[in-house]
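Accompanying notes for the structure given below.
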Amino acid sequence: MRMQRLMSCGVLSCLMVVACVSFASAADWGLKKGNADLKSAGPLAFGPDGILIVGDTKAASLVAIDTGDGSGEPAKVKLQISALNEKVADLLGVGSQAAKINDLAVNPASGNVYLSASASGKAALVRIDAAGKLSKVNLKNVGVAKVELPNAPEDKVVGEGRRKGNPRDQSITDLAYTEGKVLLSGVTPNPEGGRPLSTVREIPFPFAAADTGVNVEIFHGAHGRLENYSTVRTFVPFNIDGKPSLLAGFTCTPLVRFDVKSLKSDKPVRGTTVAELGNRNRPYDMIVYEKDGESWLLMANSARGVMKISTKDIGRSKGITEPVRGGGLAGQEYDTIEDLKGVIQLDKLNDDNAIILAQADGGAQNLSTIPLP
């Protein structure tokens, strides 16, 4: 509706109105001119009016950045970029082994693709336009807002053997913008010691102070027990039977439903395990879409390719509460999309297509537009 009104203006008036709308948009969302100063660039999500929200795991912060990217034609975007990781390395002025693509997000307003990356340990954001041209996202003197996460894990390596690692790197594992708030998953310290606790936070946008979040627990069928440390790796907000919900994928690979209202609790919240999708597997990314009058989930996994998961009866009250042995499957049915190999990132482009980043043999990471299956 806004674009229709602007198109009826004279050229000069249009330019003035667009400038005012762009400025007012960033200001209204609490963004002020400044430098983003990212310590790291991890999970990405788009908020309103072309505002990119970045998970800075090292700083345990969310950073909102005005991209100035407010319009385009997502329906016409068709990308095929071979060896994208090498092109990103060239753009950032480092060798291919020194650059890493951490996440991918599509701006729904323009269809432009954004990447979070690290280059020789430094954070960077990269834009890919509809013509496939790469450019650095400006992080200086732009509209910026930031909120720090309380009770984040200390930034140090702990543990031994297979469990040795830096929990700060998991302070933000995924994020999404929905209905005026940012949802994010990650871990927080366990007050009783031991493994960090799986946590989900809900932060109003424009940013206000973040709370400590809610610890979530699940019944992990493959392990045959309740767990409060199994970490959400990817999630999507999704209305289920009229209720705002969150579908979360965990390592090894339970799919769990949470009522968004329950995430305001000051006590641990137990989700409903609606599927066991096989053990020794890690979910990478997940989207929800409509096709043929039904809702589907598309999930990329480390060991089981890309799954097209049915949402039929996903709102049922009874979930999986008994062990699922032998790496078996239970709950929601799914099909493996055999044509999609090595997918490590994906995002919805428009009603009919998605953008994927796939790892090929030899190390090349290729970006492409695919039809939603």
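As shown in the structure tokens, the chain order sets the letters A, B, ...; within each chain, residues go from 1, and ligands are also counted from 1 in the order they appear.
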Residues of range 117-214 of chain A in helix (DSSP H, G or I), written as a ChimeraX atom specification: /A:161-163,167-170
Write a file of the selected residues as a PDB file, in the first residue's frame, keeping C-alpha atoms.
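And here's out_17.pdb as it stands now:
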```pdb
ATOM      1  CA  GLY A 161      37.714 -34.328  25.139  1.00  0.00           C
ATOM      2  CA  ARG A 162      34.620 -34.267  22.919  1.00  0.00           C
ATOM      3  CA  ARG A 163      32.962 -31.692  25.179  1.00  0.00           C
ATOM      4  CA  PRO A 167      30.118 -21.988  25.323  1.00  0.00           C
ATOM      5  CA  ARG A 168      30.129 -18.286  24.339  1.00  0.00           C
ATOM      6  CA  ASP A 169      30.121 -19.465  20.724  1.00  0.00           C
ATOM      7  CA  GLN A 170      26.665 -20.959  21.428  1.00  0.00           C
TER       8      GLN A 170
END
```
Would you kindly return, as a list of chain:residue names, each protein, DNA or RNA residue with an atom no farther than 9 Å from any atom of Lys261 in chain A, considering only C-alpha atoms and excluding same-chain residues fewer than 6 positions away?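 Using only C-alpha atoms, the neighbours found are A:Lys243, A:Pro244, A:Ser245.
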Could you dump the residues just selected with N, CA and C atoms as a tab-separated table (two decimals), in the first residue's frame?
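Output (out.tsv):
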```
chain	number	residue	atom	x	y	z
A	243	LYS	N	-2.40	-20.85	17.29
A	243	LYS	CA	-1.53	-20.44	18.39
A	243	LYS	C	-0.12	-20.14	17.87
A	244	PRO	N	0.41	-18.95	18.20
A	244	PRO	CA	1.81	-18.68	17.84
A	244	PRO	C	2.72	-19.71	18.52
A	245	SER	N	3.49	-20.41	17.71
A	245	SER	CA	4.32	-21.49	18.22
A	245	SER	C	5.72	-21.39	17.65
```
Per residue of range 105-177 of chain A within 10 Å of range 71-76 of chain A, what are the shortest atom pair and its distance in Å to one decimal, counting only C-alpha atoms, with rows by chain and residue number, as a Markdown table?
```
| residue | atom | partner | partner_atom | distance |
| --- | --- | --- | --- | --- |
| A:Val106 | CA | A:Pro74 | CA | 9.2 |
| A:Asn107 | CA | A:Pro74 | CA | 8.6 |
| A:Pro108 | CA | A:Pro74 | CA | 6.9 |
| A:Ala109 | CA | A:Ser71 | CA | 5.1 |
| A:Ser110 | CA | A:Gly72 | CA | 3.8 |
| A:Gly111 | CA | A:Pro74 | CA | 4.0 |
| A:Asn112 | CA | A:Pro74 | CA | 7.6 |
| A:Asp129 | CA | A:Gly72 | CA | 9.7 |
| A:Ala130 | CA | A:Lys76 | CA | 8.1 |
```
How close does each residue of range 100-204 of chain A get to range 264-270 of chain A, giving the shortest atom pair and distance in Å to one decimal for every residue with an atom at most 12 Å away, counting only C-alpha atoms, sorted by chain and residue number, as JSON lines?
```
{"residue": "A:Leu183", "atom": "CA", "partner": "A:Lys264", "partner_atom": "CA", "distance": 11.6}
{"residue": "A:Leu197", "atom": "CA", "partner": "A:Pro268", "partner_atom": "CA", "distance": 10.0}
{"residue": "A:Ser198", "atom": "CA", "partner": "A:Pro268", "partner_atom": "CA", "distance": 9.8}
{"residue": "A:Thr199", "atom": "CA", "partner": "A:Pro268", "partner_atom": "CA", "distance": 9.0}
{"residue": "A:Val200", "atom": "CA", "partner": "A:Lys264", "partner_atom": "CA", "distance": 9.7}
{"residue": "A:Arg201", "atom": "CA", "partner": "A:Lys264", "partner_atom": "CA", "distance": 8.5}
{"residue": "A:Glu202", "atom": "CA", "partner": "A:Lys264", "partner_atom": "CA", "distance": 7.8}
{"residue": "A:Ile203", "atom": "CA", "partner": "A:Lys264", "partner_atom": "CA", "distance": 10.6}
```
Expected file contents, prior selection, N, CA and C atoms, as an mmCIF file, in the first residue's frame:
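Output (part19.cif):
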```cif
data_model
loop_
_atom_site.group_PDB
_atom_site.id
_atom_site.type_symbol
_atom_site.label_atom_id
_atom_site.label_comp_id
_atom_site.auth_asym_id
_atom_site.auth_seq_id
_atom_site.Cartn_x
_atom_site.Cartn_y
_atom_site.Cartn_z
ATOM 1 N N LEU A 183 12.930 -13.548 18.495
ATOM 2 C CA LEU A 183 13.122 -14.779 19.252
ATOM 3 C C LEU A 183 14.529 -15.280 18.976
ATOM 4 N N LEU A 197 22.747 -24.585 29.917
ATOM 5 C CA LEU A 197 21.330 -24.871 29.744
ATOM 6 C C LEU A 197 20.820 -24.306 28.414
ATOM 7 N N SER A 198 19.984 -25.072 27.756
ATOM 8 C CA SER A 198 19.342 -24.611 26.537
ATOM 9 C C SER A 198 18.327 -23.532 26.883
ATOM 10 N N THR A 199 18.385 -22.407 26.167
ATOM 11 C CA THR A 199 17.601 -21.229 26.543
ATOM 12 C C THR A 199 16.986 -20.577 25.308
ATOM 13 N N VAL A 200 15.762 -20.071 25.463
ATOM 14 C CA VAL A 200 15.103 -19.285 24.412
ATOM 15 C C VAL A 200 14.745 -17.928 25.008
ATOM 16 N N ARG A 201 14.988 -16.862 24.249
ATOM 17 C CA ARG A 201 14.673 -15.505 24.703
ATOM 18 C C ARG A 201 13.693 -14.852 23.738
ATOM 19 N N GLU A 202 12.926 -13.923 24.276
ATOM 20 C CA GLU A 202 11.991 -13.129 23.493
ATOM 21 C C GLU A 202 12.265 -11.664 23.794
ATOM 22 N N ILE A 203 12.728 -10.908 22.785
ATOM 23 C CA ILE A 203 13.171 -9.530 22.988
ATOM 24 C C ILE A 203 12.314 -8.598 22.135
#
```
If we count only C-alpha atoms, what is near Ala124 in chain A at a cut-off of 9 Å, once residues fewer than 2 positions away on the same chain are taken out, given as an NGL selection string? :A and (38 or 40-41 or 92 or 115-119 or 122 or 126 or 136-137 or 139)
Interatomic distance, CA of Gly331 in chain A to CA of Ser262 in chain A (Å, one decimal): 22.3 Å
